[in-house]
>>> print(open('entry.txt').read())   # compact mmCIF, C-alpha atoms and all ligand atoms
# COMPACT_ATOMS: atom_id res chain seq x y z
CA MET A 1 -55.27 -9.64 6.24
CA GLN A 2 -55.06 -11.21 9.67
CA THR A 3 -51.62 -11.54 11.21
CA ILE A 4 -50.98 -14.77 13.12
CA ILE A 5 -48.17 -15.27 15.65
CA GLY A 6 -46.97 -18.84 16.07
CA LYS A 7 -44.15 -21.36 16.10
CA ASP A 8 -45.31 -23.32 13.06
CA LEU A 9 -42.28 -23.75 10.79
CA ASN A 10 -44.36 -25.44 8.13
CA GLU A 11 -46.77 -22.52 7.93
CA ALA A 12 -43.88 -20.06 7.60
CA LYS A 13 -42.32 -22.24 4.94
CA ILE A 14 -45.48 -22.51 2.84
CA LEU A 15 -46.08 -18.76 2.96
CA LEU A 16 -42.49 -17.99 1.96
CA GLN A 17 -42.74 -20.46 -0.92
CA ARG A 18 -45.82 -18.52 -2.06
CA ASN A 19 -43.72 -15.34 -2.13
CA GLU A 20 -45.37 -13.90 0.97
CA VAL A 21 -43.58 -11.85 3.65
CA VAL A 22 -43.11 -13.45 7.09
CA GLY A 23 -41.73 -12.02 10.36
CA ILE A 24 -38.81 -14.15 11.57
CA PRO A 25 -36.76 -14.14 14.77
CA THR A 26 -33.00 -13.70 14.74
CA GLU A 27 -30.56 -13.29 17.63
CA THR A 28 -30.26 -9.55 16.86
CA VAL A 29 -33.72 -8.23 15.96
CA TYR A 30 -36.78 -9.62 14.17
CA GLY A 31 -36.64 -9.59 10.37
CA LEU A 32 -39.24 -9.12 7.66
CA ALA A 33 -38.39 -12.04 5.39
CA ALA A 34 -39.12 -13.04 1.80
CA ASN A 35 -37.56 -15.15 -0.95
CA ALA A 36 -34.36 -13.25 -1.81
CA LEU A 37 -34.23 -14.71 -5.30
CA ASN A 38 -37.69 -13.49 -6.29
CA SER A 39 -38.13 -9.79 -7.06
CA GLU A 40 -41.89 -9.91 -6.62
CA ALA A 41 -41.49 -11.28 -3.09
CA VAL A 42 -38.74 -8.78 -2.26
CA LEU A 43 -40.87 -5.91 -3.53
CA LYS A 44 -43.50 -6.82 -0.91
CA ILE A 45 -40.92 -6.24 1.85
CA PHE A 46 -40.35 -2.69 0.65
CA THR A 47 -44.10 -2.07 0.49
CA VAL A 48 -44.85 -3.45 3.97
CA LYS A 49 -41.91 -1.60 5.52
CA GLU A 50 -42.52 1.62 3.58
CA ARG A 51 -38.83 1.49 2.86
CA PRO A 52 -37.20 3.46 0.04
CA HIS A 53 -35.83 1.30 -2.76
CA PHE A 54 -32.35 2.78 -2.47
CA ASP A 55 -31.90 0.94 0.84
CA PRO A 56 -30.51 -2.58 0.21
CA LEU A 57 -31.49 -5.68 2.20
CA ILE A 58 -29.50 -8.33 4.08
CA VAL A 59 -29.71 -11.90 2.71
CA HIS A 60 -29.92 -14.68 5.32
CA THR A 61 -28.70 -18.27 4.86
CA HIS A 62 -27.79 -21.20 7.11
CA ALA A 63 -24.24 -22.09 6.06
CA ILE A 64 -21.04 -20.62 4.65
CA GLY A 65 -21.35 -23.07 1.74
CA GLU A 66 -24.71 -21.44 0.91
CA ILE A 67 -23.18 -17.96 0.83
CA GLU A 68 -20.79 -19.25 -1.84
CA LYS A 69 -23.77 -19.79 -4.17
CA TYR A 70 -24.59 -16.11 -4.19
CA VAL A 71 -21.22 -14.34 -4.24
CA SER A 72 -18.50 -14.22 -6.89
CA GLU A 73 -15.56 -13.39 -4.61
CA PHE A 74 -14.66 -14.65 -1.16
CA PRO A 75 -11.76 -12.68 0.39
CA ALA A 76 -9.69 -14.65 2.93
CA LYS A 77 -10.66 -12.29 5.76
CA ALA A 78 -14.35 -12.70 5.00
CA ARG A 79 -13.98 -16.45 5.33
CA MET A 80 -11.97 -16.12 8.54
CA LEU A 81 -14.59 -13.88 10.11
CA LEU A 82 -17.50 -16.07 9.02
CA GLU A 83 -15.79 -19.18 10.32
CA ALA A 84 -15.15 -17.49 13.66
CA PHE A 85 -18.52 -15.79 14.13
CA SER A 86 -21.21 -17.64 12.15
CA PRO A 87 -23.92 -18.27 13.00
CA GLY A 88 -23.86 -14.89 14.72
CA PRO A 89 -24.42 -11.14 14.52
CA LEU A 90 -22.05 -10.56 11.61
CA THR A 91 -23.01 -9.37 8.10
CA VAL A 92 -20.46 -9.45 5.27
CA LEU A 93 -20.61 -7.39 2.08
CA LEU A 94 -19.42 -9.51 -0.85
CA ARG A 95 -19.52 -9.12 -4.63
CA LYS A 96 -22.81 -10.60 -5.78
CA LYS A 97 -23.66 -13.10 -8.47
CA ALA A 98 -26.43 -12.35 -10.96
CA VAL A 99 -28.94 -14.65 -9.17
CA ILE A 100 -29.36 -11.97 -6.52
CA PRO A 101 -31.91 -9.49 -7.93
CA ASP A 102 -30.81 -5.86 -8.18
CA LEU A 103 -33.79 -4.90 -6.05
CA VAL A 104 -32.18 -6.70 -3.07
CA THR A 105 -28.94 -4.73 -3.36
CA SER A 106 -30.44 -1.48 -4.69
CA GLY A 107 -28.25 -1.85 -7.73
CA LEU A 108 -25.01 -2.16 -5.75
CA ASP A 109 -22.57 -4.84 -6.93
CA THR A 110 -22.19 -6.22 -3.41
CA VAL A 111 -24.72 -8.24 -1.42
CA ALA A 112 -25.00 -8.25 2.39
CA MET A 113 -24.99 -11.86 3.69
CA ARG A 114 -25.44 -13.27 7.16
CA ILE A 115 -26.14 -16.49 9.07
CA PRO A 116 -28.41 -15.73 12.05
CA LYS A 117 -27.89 -17.57 15.34
CA GLN A 118 -31.51 -18.48 16.03
CA GLU A 119 -32.57 -22.10 16.04
CA LEU A 120 -36.09 -21.71 14.56
CA SER A 121 -34.91 -19.50 11.73
CA LEU A 122 -31.92 -21.74 11.01
CA GLN A 123 -34.29 -24.71 10.72
CA LEU A 124 -36.52 -22.71 8.42
CA LEU A 125 -33.58 -21.68 6.22
CA ARG A 126 -32.41 -25.31 6.01
CA GLN A 127 -35.85 -26.37 4.77
CA LEU A 128 -36.09 -23.73 2.05
CA ASP A 129 -34.30 -23.93 -1.27
CA PHE A 130 -33.77 -20.16 -1.39
CA PRO A 131 -32.20 -17.61 1.00
CA LEU A 132 -34.27 -14.97 2.80
CA ALA A 133 -33.92 -11.24 2.26
CA ALA A 134 -34.88 -9.50 5.48
CA PRO A 135 -34.57 -6.00 6.88
CA SER A 136 -35.46 -5.37 10.50
CA ALA A 137 -39.22 -5.81 10.90
CA ASN A 138 -40.05 -2.21 11.79
CA PRO A 139 -41.59 0.53 9.69
CA PHE A 140 -38.76 2.50 8.04
CA GLY A 141 -36.94 4.75 10.50
CA TYR A 142 -38.50 3.34 13.69
CA ILE A 143 -36.95 1.28 16.51
CA SER A 144 -36.17 -2.34 15.57
CA PRO A 145 -38.38 -5.07 17.11
CA THR A 146 -36.85 -7.54 19.58
CA SER A 147 -39.96 -9.65 20.20
CA ALA A 148 -42.83 -11.08 18.14
CA ALA A 149 -45.19 -8.74 20.02
CA HIS A 150 -43.18 -5.71 18.84
CA VAL A 151 -43.58 -6.87 15.24
CA TYR A 152 -47.28 -7.52 15.71
CA HIS A 153 -47.80 -4.12 17.28
CA GLN A 154 -46.56 -2.33 14.16
CA LEU A 155 -47.30 -4.68 11.27
CA ASN A 156 -50.58 -6.28 12.32
CA GLY A 157 -52.74 -6.70 9.23
CA LYS A 158 -49.85 -6.17 6.82
CA ILE A 159 -48.21 -9.61 6.95
CA PRO A 160 -49.81 -13.06 7.27
CA TYR A 161 -47.47 -14.65 9.84
CA ILE A 162 -44.87 -13.94 12.52
CA LEU A 163 -42.66 -16.84 13.56
CA ASP A 164 -42.26 -16.50 17.31
CA GLY A 165 -38.77 -17.29 18.57
CA GLY A 166 -39.07 -15.42 21.87
CA SER A 167 -37.10 -12.30 22.64
CA CYS A 168 -33.85 -11.62 20.80
CA GLN A 169 -30.73 -12.60 22.71
CA VAL A 170 -28.40 -9.91 21.29
CA GLY A 171 -30.85 -7.05 20.84
CA VAL A 172 -28.96 -4.76 18.45
CA GLU A 173 -28.56 -5.36 14.71
CA SER A 174 -25.63 -7.23 13.21
CA THR A 175 -22.22 -5.67 12.67
CA ILE A 176 -21.76 -4.98 8.93
CA VAL A 177 -18.29 -5.33 7.41
CA GLY A 178 -16.88 -4.97 3.90
CA PHE A 179 -13.51 -5.93 2.44
CA GLU A 180 -11.17 -3.78 0.37
CA ASN A 181 -7.54 -4.57 -0.46
CA ASN A 182 -7.30 -7.09 2.35
CA GLN A 183 -8.69 -4.50 4.80
CA VAL A 184 -11.82 -5.00 6.90
CA ILE A 185 -14.10 -1.95 6.94
CA VAL A 186 -16.91 -1.69 9.49
CA TYR A 187 -19.98 0.04 8.05
CA ARG A 188 -22.33 -0.52 10.98
CA LEU A 189 -21.42 -1.16 14.60
CA GLY A 190 -23.58 -3.95 15.97
CA GLY A 191 -23.94 -7.14 17.96
CA LEU A 192 -20.40 -8.34 17.25
CA SER A 193 -17.95 -6.07 19.09
CA LEU A 194 -14.95 -4.39 17.45
CA GLU A 195 -12.74 -6.10 20.00
CA ASP A 196 -13.94 -9.52 18.82
CA LEU A 197 -13.58 -8.55 15.15
CA GLU A 198 -10.02 -7.32 15.65
CA ARG A 199 -9.02 -10.38 17.60
CA VAL A 200 -9.65 -12.44 14.45
CA ALA A 201 -9.09 -10.02 11.55
CA GLY A 202 -6.48 -7.63 12.97
CA THR A 203 -7.01 -3.87 12.88
CA VAL A 204 -10.23 -2.78 11.20
CA ILE A 205 -11.30 0.58 9.78
CA VAL A 206 -14.52 2.03 11.17
CA ASN A 207 -16.56 4.19 8.81
CA SER A 208 -17.97 6.96 10.95
CA ILE A 209 -21.70 7.78 11.04
CA SER A 210 -22.88 9.89 8.16
CA SER A 211 -26.31 10.77 6.90
CA SER A 212 -25.37 10.02 3.31
CA ASN A 213 -22.95 7.17 3.45
CA PRO A 214 -22.60 6.20 -0.20
CA VAL A 215 -21.58 2.62 0.54
CA SER A 216 -24.31 1.80 3.04
CA PRO A 217 -27.16 4.02 1.90
CA GLY A 218 -29.48 2.74 4.60
CA LEU A 219 -27.41 3.92 7.51
CA LEU A 220 -29.27 7.20 7.83
CA LYS A 221 -28.55 9.23 10.92
CA SER A 222 -32.16 9.36 12.00
CA HIS A 223 -32.72 5.60 12.17
CA TYR A 224 -33.96 3.95 15.39
CA ALA A 225 -35.85 7.09 16.32
CA PRO A 226 -38.63 7.09 18.89
CA ARG A 227 -41.36 9.69 18.35
CA THR A 228 -40.78 11.29 21.76
CA PRO A 229 -38.10 14.04 21.86
CA PHE A 230 -34.86 12.22 22.55
CA ARG A 231 -31.57 13.62 23.88
CA LEU A 232 -28.20 12.03 24.56
CA VAL A 233 -26.01 13.38 27.38
CA THR A 234 -22.54 12.50 28.64
CA ALA A 235 -22.09 10.86 32.05
CA SER A 236 -20.78 14.12 33.49
CA GLU A 237 -23.75 16.09 32.12
CA ALA A 238 -26.05 13.47 33.64
CA ALA A 239 -24.55 14.07 37.09
CA SER A 240 -26.17 17.52 37.16
CA LEU A 241 -29.21 16.72 35.01
CA ASN A 242 -32.28 18.84 35.63
CA LEU A 243 -35.00 16.47 34.44
CA GLN A 244 -38.54 17.71 33.81
CA LYS A 245 -41.43 15.94 35.53
CA ASN A 246 -42.97 14.00 32.66
CA SER A 247 -39.63 12.66 31.37
CA ALA A 248 -37.40 9.64 31.76
CA VAL A 249 -33.73 8.72 31.73
CA ILE A 250 -32.18 5.64 30.10
CA GLY A 251 -28.92 4.65 31.79
CA PHE A 252 -26.52 1.75 32.08
CA ASN A 253 -26.10 0.57 35.68
CA GLU A 254 -25.88 3.55 38.00
CA TRP A 255 -28.77 5.45 39.53
CA LEU A 256 -28.45 9.22 39.16
CA PRO A 257 -28.76 10.82 42.61
CA VAL A 258 -30.31 13.95 41.05
CA VAL A 259 -33.29 12.16 39.44
CA PRO A 260 -36.21 10.36 41.18
CA LYS A 261 -35.78 6.60 40.82
CA ASP A 262 -39.14 6.06 39.16
CA GLN A 263 -38.01 8.21 36.24
CA GLN A 264 -34.90 6.13 35.66
CA PHE A 265 -34.60 3.03 33.48
CA LEU A 266 -31.36 1.12 33.86
CA LEU A 267 -30.54 -1.35 31.10
CA SER A 268 -28.33 -3.58 33.24
CA GLU A 269 -28.14 -3.05 36.97
CA LYS A 270 -25.30 -5.53 37.18
CA GLY A 271 -23.29 -3.56 34.62
CA ASN A 272 -23.28 -6.07 31.77
CA LEU A 273 -23.14 -4.38 28.32
CA ASN A 274 -24.54 -7.46 26.53
CA GLU A 275 -27.57 -7.43 28.80
CA ALA A 276 -27.93 -3.68 28.22
CA ALA A 277 -27.91 -4.19 24.44
CA LYS A 278 -30.53 -6.92 24.77
CA ASN A 279 -32.83 -4.54 26.67
CA LEU A 280 -32.16 -1.33 24.72
CA PHE A 281 -34.88 -1.34 22.04
CA ALA A 282 -37.59 -2.79 24.29
CA VAL A 283 -37.02 -0.01 26.83
CA MET A 284 -36.93 2.67 24.10
CA ARG A 285 -40.25 1.34 22.80
CA GLN A 286 -41.81 1.15 26.27
CA LEU A 287 -40.82 4.75 27.05
CA ASP A 288 -41.98 5.93 23.63
CA GLN A 289 -45.48 4.69 24.47
CA MET A 290 -45.68 6.65 27.73
CA GLN A 291 -46.46 10.07 26.19
CA LEU A 292 -43.41 11.62 27.82
CA ASP A 293 -42.20 15.14 27.08
CA GLU A 294 -38.64 13.91 26.74
CA ILE A 295 -36.39 10.86 26.92
CA VAL A 296 -32.81 11.48 28.00
CA ALA A 297 -30.18 8.79 27.47
CA VAL A 298 -26.81 8.74 29.19
CA GLU A 299 -23.81 7.72 27.06
CA PHE A 300 -22.50 4.19 27.59
CA PRO A 301 -18.87 3.18 28.06
CA GLU A 302 -17.14 2.97 24.66
CA ILE A 303 -16.18 -0.69 25.01
CA GLY A 304 -17.71 -3.95 23.76
CA LEU A 305 -21.35 -3.55 22.79
CA GLY A 306 -21.31 -0.11 24.45
CA LYS A 307 -20.13 1.28 21.10
CA ALA A 308 -23.13 -0.15 19.23
CA ILE A 309 -25.48 1.08 21.97
CA ASN A 310 -24.04 4.62 21.73
CA ASP A 311 -24.36 4.46 17.94
CA ARG A 312 -28.09 3.66 18.21
CA LEU A 313 -28.63 6.33 20.88
CA GLN A 314 -26.87 8.94 18.69
CA ARG A 315 -29.06 8.04 15.74
CA ALA A 316 -32.20 8.20 17.89
CA ALA A 317 -31.16 11.65 19.12
CA ALA A 318 -30.24 12.89 15.63
CA LYS A 319 -33.85 13.14 14.53
CA HIS A 320 -34.78 15.55 17.29
O1 LIG B 401 -29.22 -7.87 12.54
C1 LIG B 401 -29.54 -7.53 11.41
O2 LIG B 401 -28.72 -7.24 10.54
C2 LIG B 401 -31.05 -7.49 11.10
C3 LIG B 401 -31.58 -8.91 11.13
C4 LIG B 401 -33.03 -8.98 10.71
O3 LIG B 401 -30.79 -9.73 10.34
N1 LIG B 401 -31.29 -6.86 9.84
C5 LIG B 401 -31.14 -5.53 9.64
O4 LIG B 401 -31.52 -5.12 8.37
O5 LIG B 401 -30.74 -4.77 10.48
P1 LIG B 401 -31.74 -3.60 7.98
O6 LIG B 401 -32.29 -3.63 6.61
O7 LIG B 401 -32.55 -2.92 8.99
O8 LIG B 401 -30.31 -3.01 7.90
C6 LIG B 401 -29.42 -3.47 6.91
C7 LIG B 401 -28.42 -2.44 6.58
C8 LIG B 401 -29.02 -1.25 5.86
O9 LIG B 401 -28.62 -0.08 6.50
C9 LIG B 401 -28.45 -1.34 4.46
O10 LIG B 401 -28.19 -0.09 3.91
C10 LIG B 401 -27.18 -2.13 4.68
O11 LIG B 401 -27.49 -3.04 5.68
N2 LIG B 401 -26.83 -2.87 3.48
C11 LIG B 401 -27.48 -3.91 2.91
N3 LIG B 401 -26.88 -4.33 1.79
C12 LIG B 401 -25.81 -3.54 1.62
C13 LIG B 401 -24.78 -3.45 0.63
N4 LIG B 401 -24.74 -4.26 -0.42
N5 LIG B 401 -23.83 -2.50 0.80
C14 LIG B 401 -23.87 -1.68 1.85
N6 LIG B 401 -24.81 -1.70 2.81
C15 LIG B 401 -25.78 -2.61 2.70
MG MG B 402 -33.31 -1.59 10.24
>>> encode(input="entry.txt", output="structure tokens")
Amino acid sequence: MQTIIGKDLNEAKILLQRNEVVGIPTETVYGLAANALNSEAVLKIFTVKERPHFDPLIVHTHAIGEIEKYVSEFPAKARMLLEAFSPGPLTVLLRKKAVIPDLVTSGLDTVAMRIPKQELSLQLLRQLDFPLAAPSANPFGYISPTSAAHVYHQLNGKIPYILDGGSCQVGVESTIVGFENNQVIVYRLGGLSLEDLERVAGTVIVNSISSSNPVSPGLLKSHYAPRTPFRLVTASEAASLNLQKNSAVIGFNEWLPVVPKDQQFLLSEKGNLNEAAKNLFAVMRQLDQMQLDEIVAVEFPEIGLGKAINDRLQRAAAKH
């Protein structure tokens, strides 16, 4: 199969209607999309991604009214959050209706729903009469793609089409929240900050990282892992870092005096955490292709998207 990259909505639409898998842009990362209501189409996603079937998928739609078609309960806080942050990098876990195949949710009774903030994909979703199930468009366990070229690099020959929406504006995956007894529980830190969530929903509970989180089975510790040995250090450890020659450092905005400049990769020289998040996966990918002996990342400030960045860096380091 030849993989084509393009901006042809009609082509994407026809392929999806034929139950094929198409790469689509979102504001967070690129997704590997198929008709969420058709098990045969969804099965292809798992095959292309080499993803285990116990890892449920996120279902994408274009409006809150659409989400209502697929869920049987709509807690007040879920509605409040969706109204405040959709379209946007927010995924809500809601009790599913029977139209959502069990394959999508891995047998769970909740379905993950989100409205992406990406104009091409929103147009596509409006033109389809079914929602799109889509995990991030990377092989299972690898860094998520934030450009069409990233998707092509890893899935060339495995999918017919990649809809090119340019590079992703947010750069880390959506924040996943669930609802229990009027409480908001965060299962994955992501592109919507905790500060923003709490401003609208009040105090939230954050489920800490675990390798076998029974509620979100896909949140394995070793996700987002580059193949190069990867280590995470604190800012104070970085100050006295003894970096080997064929290695590199990922940092936020400050050059380390102890490391040659050409071995340092700053994600936002002007110190903007949103910009750093946008650049994170592309830089991890770039460094992973340089045959380095080691990549060292310096912890980010634990505010705003810094929390989601640290979460991804911890997971990348956990494999090594
Ligand atoms: O930003 C994003 O969310 C991107 C774009 C493409 O939308 N998608 C994405 O999908 O990151 P994926 O499959 O890489 O991660 C989805 C996560 C998985 O860890 C999965 O376990 C969790 O969502 N998930 C999906 N449905 C769930 C459910 N019903 N209950 C708990 N966790 C769920
Ligand atoms: Mg993923």
>>> closest_atom_pairs(input="entry.txt", of="chain A", to="ligand MG 402 (chain B)", cutoff="9 Å", atoms="only C-alpha atoms and all ligand atoms", output="tab-separated table")
residue	atom	partner	partner_atom	distance
A:Val29	CA	B:MG402	MG	8.8
A:Gly31	CA	B:MG402	MG	8.7
A:Pro135	CA	B:MG402	MG	5.7
A:Ser136	CA	B:MG402	MG	4.4
A:Ala137	CA	B:MG402	MG	7.3
A:Asn138	CA	B:MG402	MG	6.9
A:Pro139	CA	B:MG402	MG	8.6
A:Phe140	CA	B:MG402	MG	7.2
A:Gly141	CA	B:MG402	MG	7.3
A:Tyr142	CA	B:MG402	MG	7.9
A:Ile143	CA	B:MG402	MG	7.8
A:Ser144	CA	B:MG402	MG	6.1
A:Glu173	CA	B:MG402	MG	7.5
A:Gly218	CA	B:MG402	MG	8.1
A:Leu219	CA	B:MG402	MG	8.5
A:His223	CA	B:MG402	MG	7.5
A:Tyr224	CA	B:MG402	MG	7.6
>>> residues_around(input="entry.txt", residues="His60 (chain A)", least_positions_apart="4", cutoff="7 Å", atoms="all atoms listed in the file", output="list in words")
Met113, Arg114, Ile115, Pro116, Pro131, Leu132 and Ala133 of chain A
>>> closest_residue(input="entry.txt", among="A:Leu267, A:Ala316, A:Ile185, A:Leu192", to="Gly88 (chain A)", atoms="all atoms listed in the file")
A:Leu192
>>> atom_distance(input="entry.txt", atom1="CA of Lys49 (chain A)", atom2="CA of Ala33 (chain A)")
11.0 Å
>>> closest_residue(input="entry.txt", among="A:Thr3, A:Thr105, A:Asn274, A:Thr28", to="Ile303 (chain A)", atoms="only C-alpha atoms")
A:Asn274
>>> atom_distance(input="entry.txt", atom1="atom O4 of ligand LIG 401 (chain B)", atom2="CA of Thr228 (chain A)")
23.1 Å
>>> decode(input="entry.txt", residues="region 95-104 of chain A", atoms="all heavy atoms", output="PDB file, in the first residue's frame")
ATOM      1  N   ARG A  95     -20.133   7.191  30.710  1.00  0.00           N
ATOM      2  CA  ARG A  95     -20.754   5.879  30.517  1.00  0.00           C
ATOM      3  C   ARG A  95     -21.259   5.744  29.079  1.00  0.00           C
ATOM      4  O   ARG A  95     -21.922   6.635  28.571  1.00  0.00           O
ATOM      5  CB  ARG A  95     -21.912   5.753  31.518  1.00  0.00           C
ATOM      6  CG  ARG A  95     -22.247   4.352  31.918  1.00  0.00           C
ATOM      7  CD  ARG A  95     -22.906   4.325  33.293  1.00  0.00           C
ATOM      8  NE  ARG A  95     -21.970   4.745  34.345  1.00  0.00           N
ATOM      9  CZ  ARG A  95     -21.071   3.946  34.912  1.00  0.00           C
ATOM     10  NH1 ARG A  95     -20.987   2.683  34.554  1.00  0.00           N
ATOM     11  NH2 ARG A  95     -20.259   4.404  35.836  1.00  0.00           N
ATOM     12  N   LYS A  96     -20.911   4.632  28.434  1.00  0.00           N
ATOM     13  CA  LYS A  96     -21.192   4.522  27.001  1.00  0.00           C
ATOM     14  C   LYS A  96     -22.561   3.914  26.706  1.00  0.00           C
ATOM     15  O   LYS A  96     -23.101   3.154  27.501  1.00  0.00           O
ATOM     16  CB  LYS A  96     -20.110   3.684  26.321  1.00  0.00           C
ATOM     17  CG  LYS A  96     -20.284   2.178  26.406  1.00  0.00           C
ATOM     18  CD  LYS A  96     -19.178   1.488  25.627  1.00  0.00           C
ATOM     19  CE  LYS A  96     -19.407  -0.014  25.505  1.00  0.00           C
ATOM     20  NZ  LYS A  96     -20.448  -0.394  24.542  1.00  0.00           N
ATOM     21  N   LYS A  97     -23.083   4.257  25.542  1.00  0.00           N
ATOM     22  CA  LYS A  97     -24.255   3.555  25.025  1.00  0.00           C
ATOM     23  C   LYS A  97     -23.789   2.341  24.223  1.00  0.00           C
ATOM     24  O   LYS A  97     -22.632   2.256  23.826  1.00  0.00           O
ATOM     25  CB  LYS A  97     -25.061   4.487  24.104  1.00  0.00           C
ATOM     26  CG  LYS A  97     -25.917   5.492  24.863  1.00  0.00           C
ATOM     27  CD  LYS A  97     -26.799   6.283  23.896  1.00  0.00           C
ATOM     28  CE  LYS A  97     -27.583   7.364  24.638  1.00  0.00           C
ATOM     29  NZ  LYS A  97     -28.049   8.433  23.723  1.00  0.00           N
ATOM     30  N   ALA A  98     -24.737   1.462  23.923  1.00  0.00           N
ATOM     31  CA  ALA A  98     -24.387   0.205  23.243  1.00  0.00           C
ATOM     32  C   ALA A  98     -23.868   0.400  21.818  1.00  0.00           C
ATOM     33  O   ALA A  98     -23.168  -0.467  21.289  1.00  0.00           O
ATOM     34  CB  ALA A  98     -25.593  -0.728  23.230  1.00  0.00           C
ATOM     35  N   VAL A  99     -24.168   1.558  21.186  1.00  0.00           N
ATOM     36  CA  VAL A  99     -23.674   1.779  19.807  1.00  0.00           C
ATOM     37  C   VAL A  99     -22.161   1.804  19.724  1.00  0.00           C
ATOM     38  O   VAL A  99     -21.599   1.595  18.640  1.00  0.00           O
ATOM     39  CB  VAL A  99     -24.161   3.122  19.190  1.00  0.00           C
ATOM     40  CG1 VAL A  99     -25.576   3.033  18.720  1.00  0.00           C
ATOM     41  CG2 VAL A  99     -23.924   4.278  20.131  1.00  0.00           C
ATOM     42  N   ILE A 100     -21.502   2.121  20.836  1.00  0.00           N
ATOM     43  CA  ILE A 100     -20.031   2.121  20.822  1.00  0.00           C
ATOM     44  C   ILE A 100     -19.560   0.677  21.024  1.00  0.00           C
ATOM     45  O   ILE A 100     -19.831   0.066  22.050  1.00  0.00           O
ATOM     46  CB  ILE A 100     -19.459   3.014  21.954  1.00  0.00           C
ATOM     47  CG1 ILE A 100     -19.921   4.466  21.791  1.00  0.00           C
ATOM     48  CG2 ILE A 100     -17.935   2.927  22.023  1.00  0.00           C
ATOM     49  CD1 ILE A 100     -19.295   5.222  20.643  1.00  0.00           C
ATOM     50  N   PRO A 101     -18.851   0.117  20.019  1.00  0.00           N
ATOM     51  CA  PRO A 101     -18.427  -1.284  20.129  1.00  0.00           C
ATOM     52  C   PRO A 101     -17.495  -1.502  21.330  1.00  0.00           C
ATOM     53  O   PRO A 101     -16.717  -0.614  21.685  1.00  0.00           O
ATOM     54  CB  PRO A 101     -17.658  -1.532  18.824  1.00  0.00           C
ATOM     55  CG  PRO A 101     -17.996  -0.418  17.912  1.00  0.00           C
ATOM     56  CD  PRO A 101     -18.415   0.737  18.758  1.00  0.00           C
ATOM     57  N   ASP A 102     -17.581  -2.694  21.923  1.00  0.00           N
ATOM     58  CA  ASP A 102     -16.720  -3.005  23.067  1.00  0.00           C
ATOM     59  C   ASP A 102     -15.239  -2.948  22.708  1.00  0.00           C
ATOM     60  O   ASP A 102     -14.396  -2.698  23.569  1.00  0.00           O
ATOM     61  CB  ASP A 102     -17.063  -4.400  23.609  1.00  0.00           C
ATOM     62  CG  ASP A 102     -18.385  -4.383  24.361  1.00  0.00           C
ATOM     63  OD1 ASP A 102     -18.727  -3.304  24.903  1.00  0.00           O
ATOM     64  OD2 ASP A 102     -19.074  -5.418  24.401  1.00  0.00           O
ATOM     65  N   LEU A 103     -14.932  -3.181  21.444  1.00  0.00           N
ATOM     66  CA  LEU A 103     -13.534  -3.132  21.015  1.00  0.00           C
ATOM     67  C   LEU A 103     -12.940  -1.732  21.243  1.00  0.00           C
ATOM     68  O   LEU A 103     -11.769  -1.584  21.591  1.00  0.00           O
ATOM     69  CB  LEU A 103     -13.450  -3.498  19.524  1.00  0.00           C
ATOM     70  CG  LEU A 103     -12.064  -3.643  18.926  1.00  0.00           C
ATOM     71  CD1 LEU A 103     -11.244  -4.695  19.661  1.00  0.00           C
ATOM     72  CD2 LEU A 103     -12.169  -3.990  17.443  1.00  0.00           C
ATOM     73  N   VAL A 104     -13.762  -0.690  21.064  1.00  0.00           N
ATOM     74  CA  VAL A 104     -13.295   0.690  21.238  1.00  0.00           C
ATOM     75  C   VAL A 104     -12.906   0.945  22.695  1.00  0.00           C
ATOM     76  O   VAL A 104     -11.905   1.606  22.987  1.00  0.00           O
ATOM     77  CB  VAL A 104     -14.392   1.694  20.808  1.00  0.00           C
ATOM     78  CG1 VAL A 104     -14.027   3.119  21.202  1.00  0.00           C
ATOM     79  CG2 VAL A 104     -14.626   1.607  19.308  1.00  0.00           C
TER      80      VAL A 104
END
